[in-house]
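**Q** Take a look at structure-v4.txt, compact mmCIF, C-alpha atoms and all ligand atoms:
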```txt
# COMPACT_ATOMS: atom_id res chain seq x y z
CA MET A 6 -49.26 -75.59 -50.70
CA MET A 7 -52.93 -76.09 -51.47
CA ARG A 8 -56.12 -76.98 -49.63
CA LEU A 9 -56.88 -80.69 -49.65
CA ASP A 10 -60.41 -80.26 -51.08
CA ARG A 11 -59.07 -78.12 -53.92
CA PHE A 12 -56.33 -80.63 -54.58
CA LEU A 13 -58.81 -83.53 -54.75
CA ALA A 14 -61.24 -81.64 -56.99
CA SER A 15 -58.43 -80.59 -59.33
CA GLN A 16 -57.01 -84.07 -59.73
CA ARG A 17 -60.08 -86.28 -59.77
CA PRO A 18 -62.97 -85.34 -62.10
CA ASP A 19 -65.35 -87.44 -60.00
CA ILE A 20 -64.68 -85.49 -56.78
CA SER A 21 -66.12 -82.05 -56.07
CA ARG A 22 -65.00 -79.86 -53.20
CA SER A 23 -68.11 -80.78 -51.23
CA SER A 24 -67.77 -84.51 -51.89
CA ALA A 25 -64.12 -84.18 -50.79
CA ARG A 26 -65.38 -82.96 -47.42
CA GLU A 27 -67.65 -85.98 -47.13
CA LEU A 28 -64.90 -88.42 -48.13
CA CYS A 29 -62.62 -86.93 -45.47
CA ARG A 30 -65.36 -87.13 -42.84
CA LYS A 31 -65.78 -90.82 -43.63
CA GLY A 32 -62.03 -91.36 -43.19
CA LEU A 33 -61.51 -92.41 -46.80
CA VAL A 34 -58.80 -89.84 -47.56
CA THR A 35 -55.25 -90.29 -46.31
CA VAL A 36 -52.33 -87.88 -46.45
CA ASN A 37 -48.97 -89.62 -46.10
CA GLY A 38 -50.76 -92.67 -44.73
CA ALA A 39 -52.74 -90.91 -42.00
CA PRO A 40 -56.50 -90.33 -42.38
CA ALA A 41 -57.33 -86.66 -43.04
CA LYS A 42 -60.51 -85.90 -41.15
CA ARG A 43 -60.84 -82.37 -42.50
CA SER A 44 -60.76 -81.27 -46.12
CA ASP A 45 -59.63 -77.70 -45.37
CA ILE A 46 -56.11 -78.63 -44.30
CA GLN A 47 -53.15 -77.48 -46.40
CA ILE A 48 -51.09 -80.09 -48.20
CA ASN A 49 -47.93 -79.91 -50.25
CA GLU A 50 -49.20 -81.04 -53.63
CA GLU A 51 -45.68 -81.73 -54.93
CA GLN A 52 -44.58 -83.88 -52.01
CA ASP A 53 -47.46 -85.34 -50.02
CA THR A 54 -49.02 -88.67 -50.93
CA VAL A 55 -52.78 -88.38 -51.02
CA CYS A 56 -54.96 -91.47 -51.44
CA VAL A 57 -58.72 -91.92 -51.71
CA SER A 58 -60.10 -95.29 -50.65
CA GLY A 59 -56.57 -96.66 -50.88
CA LYS A 60 -55.98 -95.35 -54.43
CA CYS A 61 -53.11 -92.89 -54.53
CA ILE A 62 -53.26 -89.79 -56.71
CA ILE A 63 -50.39 -89.01 -59.03
CA TYR A 64 -50.30 -85.23 -58.99
CA ARG A 65 -50.44 -83.49 -62.36
CA LYS A 66 -50.32 -79.73 -62.27
CA TYR A 67 -51.67 -79.46 -65.80
CA VAL A 68 -53.15 -81.84 -68.34
CA TYR A 69 -52.47 -81.83 -72.05
CA ILE A 70 -54.95 -83.60 -74.26
CA MET A 71 -54.49 -84.44 -77.94
CA LEU A 72 -57.86 -84.46 -79.70
CA ASN A 73 -58.47 -85.65 -83.25
CA LYS A 74 -61.22 -83.15 -84.02
CA PRO A 75 -63.93 -84.32 -86.41
CA ARG A 76 -65.79 -82.02 -88.79
CA GLY A 77 -68.87 -80.28 -87.42
CA VAL A 78 -67.39 -79.62 -83.96
CA ILE A 79 -66.20 -76.17 -82.94
CA CYS A 80 -63.14 -75.10 -80.95
CA ALA A 81 -64.83 -73.24 -78.11
CA THR A 82 -65.42 -73.98 -74.45
CA LYS A 83 -69.20 -73.53 -74.68
CA ASP A 84 -71.84 -73.11 -77.34
CA ARG A 85 -75.60 -73.25 -77.13
CA LEU A 86 -76.14 -74.77 -80.55
CA THR A 87 -73.06 -76.57 -81.78
CA GLU A 88 -71.07 -79.40 -80.24
CA THR A 89 -67.73 -78.17 -78.88
CA VAL A 90 -64.39 -79.94 -78.55
CA MET A 91 -64.87 -79.91 -74.77
CA GLU A 92 -67.77 -82.34 -75.09
CA LEU A 93 -65.42 -84.92 -76.63
CA ILE A 94 -63.15 -85.12 -73.58
CA PRO A 95 -63.64 -88.44 -71.79
CA PRO A 96 -64.71 -88.18 -68.12
CA GLU A 97 -61.36 -89.40 -66.76
CA LEU A 98 -59.51 -86.49 -68.41
CA ARG A 99 -62.00 -83.76 -67.48
CA ARG A 100 -61.07 -81.10 -64.98
CA ASP A 101 -61.79 -77.44 -64.34
CA GLY A 102 -60.03 -74.84 -66.44
CA LEU A 103 -59.53 -76.82 -69.65
CA PHE A 104 -59.74 -74.94 -72.95
CA PRO A 105 -58.71 -75.54 -76.57
CA ALA A 106 -55.31 -73.96 -77.24
CA GLY A 107 -55.99 -72.58 -80.70
CA ARG A 108 -58.73 -73.03 -83.21
CA LEU A 109 -59.50 -75.12 -86.22
CA ASP A 110 -62.44 -74.23 -88.44
CA LYS A 111 -65.67 -76.15 -87.96
CA ASP A 112 -65.00 -78.14 -91.15
CA THR A 113 -61.31 -78.83 -90.39
CA GLU A 114 -60.23 -82.10 -88.82
CA GLY A 115 -57.21 -83.04 -86.78
CA PHE A 116 -54.95 -82.13 -83.91
CA VAL A 117 -56.35 -79.76 -81.29
CA LEU A 118 -54.55 -79.39 -78.00
CA ILE A 119 -56.78 -79.01 -74.96
CA THR A 120 -55.08 -77.96 -71.75
CA ASP A 121 -55.38 -75.96 -68.55
CA ASP A 122 -51.81 -74.66 -68.90
CA GLY A 123 -52.33 -71.03 -69.91
CA GLU A 124 -48.62 -70.29 -70.14
CA LEU A 125 -47.95 -73.10 -72.60
CA ALA A 126 -50.99 -72.12 -74.68
CA HIS A 127 -49.78 -68.53 -74.78
CA LYS A 128 -46.31 -69.59 -75.91
CA MET A 129 -47.76 -71.92 -78.53
CA LEU A 130 -50.17 -69.36 -79.95
CA SER A 131 -48.21 -66.14 -79.67
CA PRO A 132 -47.54 -64.75 -83.18
CA LYS A 133 -43.88 -64.37 -82.22
CA SER A 134 -43.44 -68.02 -81.30
CA HIS A 135 -43.52 -69.28 -84.92
CA VAL A 136 -44.38 -72.81 -83.84
CA PRO A 137 -44.85 -74.83 -87.06
CA LYS A 138 -48.20 -76.45 -87.74
CA THR A 139 -48.53 -78.97 -90.53
CA TYR A 140 -51.71 -79.64 -92.46
CA PHE A 141 -52.73 -82.30 -94.93
CA VAL A 142 -54.64 -80.54 -97.69
CA ARG A 143 -56.83 -81.85 -100.53
CA LEU A 144 -57.52 -79.30 -103.23
CA GLU A 145 -60.02 -78.77 -105.99
CA LYS A 146 -57.31 -78.53 -108.66
CA PRO A 147 -53.83 -80.07 -109.02
CA LEU A 148 -50.93 -77.91 -107.85
CA GLU A 149 -48.24 -76.65 -110.22
CA PRO A 150 -44.69 -77.36 -108.96
CA SER A 151 -44.13 -73.57 -108.99
CA ALA A 152 -46.48 -73.28 -105.98
CA VAL A 153 -43.67 -74.59 -103.77
CA SER A 154 -41.49 -71.52 -104.30
CA LEU A 155 -44.46 -69.12 -104.17
CA PHE A 156 -45.27 -70.46 -100.70
CA SER A 157 -41.66 -70.52 -99.53
CA GLU A 158 -41.19 -66.89 -100.55
CA GLY A 159 -44.26 -65.85 -98.56
CA ILE A 160 -47.55 -65.59 -100.33
CA THR A 161 -49.79 -62.52 -100.18
CA ILE A 162 -53.37 -63.30 -99.27
CA ASP A 163 -56.53 -61.26 -99.79
CA GLY A 164 -56.46 -57.87 -98.17
CA GLY A 165 -52.74 -57.60 -98.96
CA GLU A 166 -51.50 -59.54 -95.91
CA LYS A 167 -48.15 -61.20 -96.51
CA CYS A 168 -47.67 -64.65 -95.00
CA LEU A 169 -44.43 -65.91 -93.54
CA PRO A 170 -42.55 -68.44 -95.67
CA ALA A 171 -44.38 -71.77 -95.66
CA GLN A 172 -43.23 -75.25 -96.72
CA LEU A 173 -45.34 -76.97 -99.32
CA SER A 174 -44.75 -80.58 -100.23
CA ILE A 175 -46.85 -81.81 -103.15
CA SER A 176 -47.96 -85.44 -102.97
CA ASP A 177 -47.92 -88.00 -105.80
CA ASN A 178 -51.50 -86.95 -106.36
CA PRO A 179 -50.86 -83.26 -107.20
CA ALA A 180 -54.22 -82.22 -105.77
CA GLU A 181 -52.92 -83.22 -102.33
CA CYS A 182 -50.11 -81.74 -100.27
CA LEU A 183 -48.64 -81.13 -96.86
CA LEU A 184 -48.31 -77.51 -95.82
CA THR A 185 -46.37 -76.21 -92.82
CA ILE A 186 -47.11 -72.70 -91.61
CA ARG A 187 -45.64 -70.78 -88.69
CA GLU A 188 -48.46 -68.40 -87.84
CA GLY A 189 -52.21 -68.59 -87.45
CA LYS A 190 -54.09 -65.99 -89.44
CA PHE A 191 -57.85 -66.41 -89.74
CA HIS A 192 -58.64 -69.23 -92.24
CA GLN A 193 -55.02 -69.00 -93.25
CA VAL A 194 -54.56 -72.22 -95.19
CA LYS A 195 -57.77 -71.77 -97.14
CA ARG A 196 -56.85 -68.19 -97.97
CA MET A 197 -53.32 -69.14 -99.06
CA PHE A 198 -54.71 -71.54 -101.65
CA LEU A 199 -57.38 -69.08 -102.75
CA ALA A 200 -54.51 -66.67 -103.47
CA ILE A 201 -53.21 -69.14 -106.10
CA ASP A 202 -56.71 -69.66 -107.48
CA ASN A 203 -57.33 -73.03 -105.85
CA LYS A 204 -59.78 -74.21 -103.22
CA VAL A 205 -59.33 -76.39 -100.13
CA LEU A 206 -61.78 -79.30 -100.15
CA TYR A 207 -60.44 -81.11 -97.09
CA LEU A 208 -58.12 -79.92 -94.34
CA LYS A 209 -56.58 -81.81 -91.45
CA ARG A 210 -53.94 -80.63 -88.98
CA ILE A 211 -51.43 -83.41 -88.48
CA SER A 212 -48.82 -81.84 -86.21
CA ILE A 213 -48.06 -78.99 -83.85
CA GLY A 214 -44.38 -78.22 -83.26
CA LYS A 215 -42.66 -81.59 -83.29
CA LEU A 216 -45.65 -83.48 -81.95
CA ALA A 217 -47.58 -85.46 -84.55
CA LEU A 218 -51.21 -86.44 -84.27
CA ASP A 219 -51.29 -90.11 -83.22
CA GLU A 220 -52.16 -92.12 -86.33
CA ASN A 221 -54.20 -94.58 -84.29
CA LEU A 222 -56.38 -91.92 -82.71
CA PRO A 223 -59.86 -92.14 -84.25
CA LEU A 224 -61.81 -89.01 -85.17
CA GLY A 225 -63.31 -87.63 -81.97
CA GLY A 226 -60.74 -89.54 -79.86
CA CYS A 227 -58.57 -88.02 -77.13
CA LEU A 228 -55.37 -89.09 -75.50
CA GLU A 229 -53.24 -87.54 -72.82
CA VAL A 230 -49.95 -86.09 -74.04
CA LEU A 231 -47.15 -87.46 -71.88
CA HIS A 232 -45.29 -84.82 -69.91
CA LYS A 233 -42.04 -85.79 -71.66
CA ASP A 234 -43.69 -84.85 -74.99
CA VAL A 235 -45.12 -81.49 -73.94
CA ASP A 236 -42.00 -79.52 -74.94
CA LYS A 237 -42.34 -80.87 -78.49
CA LEU A 238 -45.43 -78.67 -78.87
CA LEU A 239 -43.18 -75.62 -78.76
CA SER A 240 -40.37 -76.91 -80.91
CA ARG A 241 -39.64 -74.76 -83.95
CA LYS A 242 -37.58 -77.32 -85.85
N1 LIG A 301 -56.28 -72.72 -91.82
C1 LIG A 301 -57.56 -72.74 -92.19
O1 LIG A 301 -57.94 -72.18 -93.21
N2 LIG A 301 -58.45 -73.39 -91.42
C2 LIG A 301 -58.11 -74.06 -90.30
O2 LIG A 301 -58.95 -74.66 -89.64
C3 LIG A 301 -56.75 -74.03 -89.92
C4 LIG A 301 -55.86 -73.35 -90.70
```
Represent the structure contained in this file as structure tokens.
**A**
Amino acid sequence: MMRLDRFLASQRPDISRSSARELCRKGLVTVNGAPAKRSDIQINEEQDTVCVSGKCIIYRKYVYIMLNKPRGVICATKDRLTETVMELIPPELRRDGLFPAGRLDKDTEGFVLITDDGELAHKMLSPKSHVPKTYFVRLEKPLEPSAVSLFSEGITIDGGEKCLPAQLSISDNPAECLLTIREGKFHQVKRMFLAIDNKVLYLKRISIGKLALDENLPLGGCLEVLHKDVDKLLSRK
């Protein structure tokens, strides 16, 4: 159960709790077909049908947004100086409580999940979850084929930290590859290549779990992840 004004404000970015009160007073809000004159009544968000000006709301407890992050934007909820990923969310997907689940560096592009589902984010980011994340990498120097086994055995990065086994697939152009890692150490991909005396020139995350970044999503674009696809974010296969 939930208060009607809270329900409206959580589901419709254009409605605040105070405007919900006004809409109810004007008779524009119906619950199961009957006008709701007061916005402080309790409704069953899972079962009741709530409409505003005849438009019914499809209840979504949480939203999951796939963003194709461009360079120059940071993964934070707020920043005084630099544009954040939150500023790229289109108005129709905005709601309270959204945050980026995980970070990409300012100069990294690609898949960032933005959600208000703290439990999913925790599961996705927990070091124990080992959710695979795949990156497209362009390097300063071509890779030797031997790099594949070095990465799959678990490479040691600066400071002596050993990484979990990672899958490296070298492209036809040997200065490009796909790398799948199952953890999220600080600047991990860049540090892994530094450990084999190479340098990342361009980095883009192309998948999280079994969910791939939509190829048609332009840089800076967002789309809502369908609920049937949400579990793919946690898949370890
Ligand atoms: N590894 C990095 O070095 N940077 C990122 O943004 C993500 C992974």
**Q** Of the candidates A:Arg76, A:Arg26, A:Lys66, A:His192, which shows the shortest atom-to-atom distance to ligand LIG 301 (chain A), using only C-alpha atoms and all ligand atoms?
**A**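 Ranked by minimum distance to ligand LIG 301 (chain A), first place goes to A:His192.
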**Q** Taking all atoms listed in the file into account, which of A:Ile175, A:Cys61, A:Ile70, A:Ala126 comes nearest Arg143 (chain A)?
**A**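 For Arg143 (chain A), the nearest of the given residues is A:Ile175.
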**Q** Separation of CA of Arg108 (chain A) and atom C3 of ligand LIG 301 (chain A), in Å?
**A**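 So the answer is 7.1 Å.
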**Q** Need to verify the contact set: Leu144 (chain A), 6 Å, all atoms listed in the file, exclusion of same-chain residues closer than 5 positions in sequence. Can you return it as a count of residues only?
**A** 4
**Q** Kindly give the distance, in Å, that separates atom C4 of ligand LIG 301 (chain A) and CA of Leu238 (chain A), rounded to a single decimal.
**A** 16.6 Å
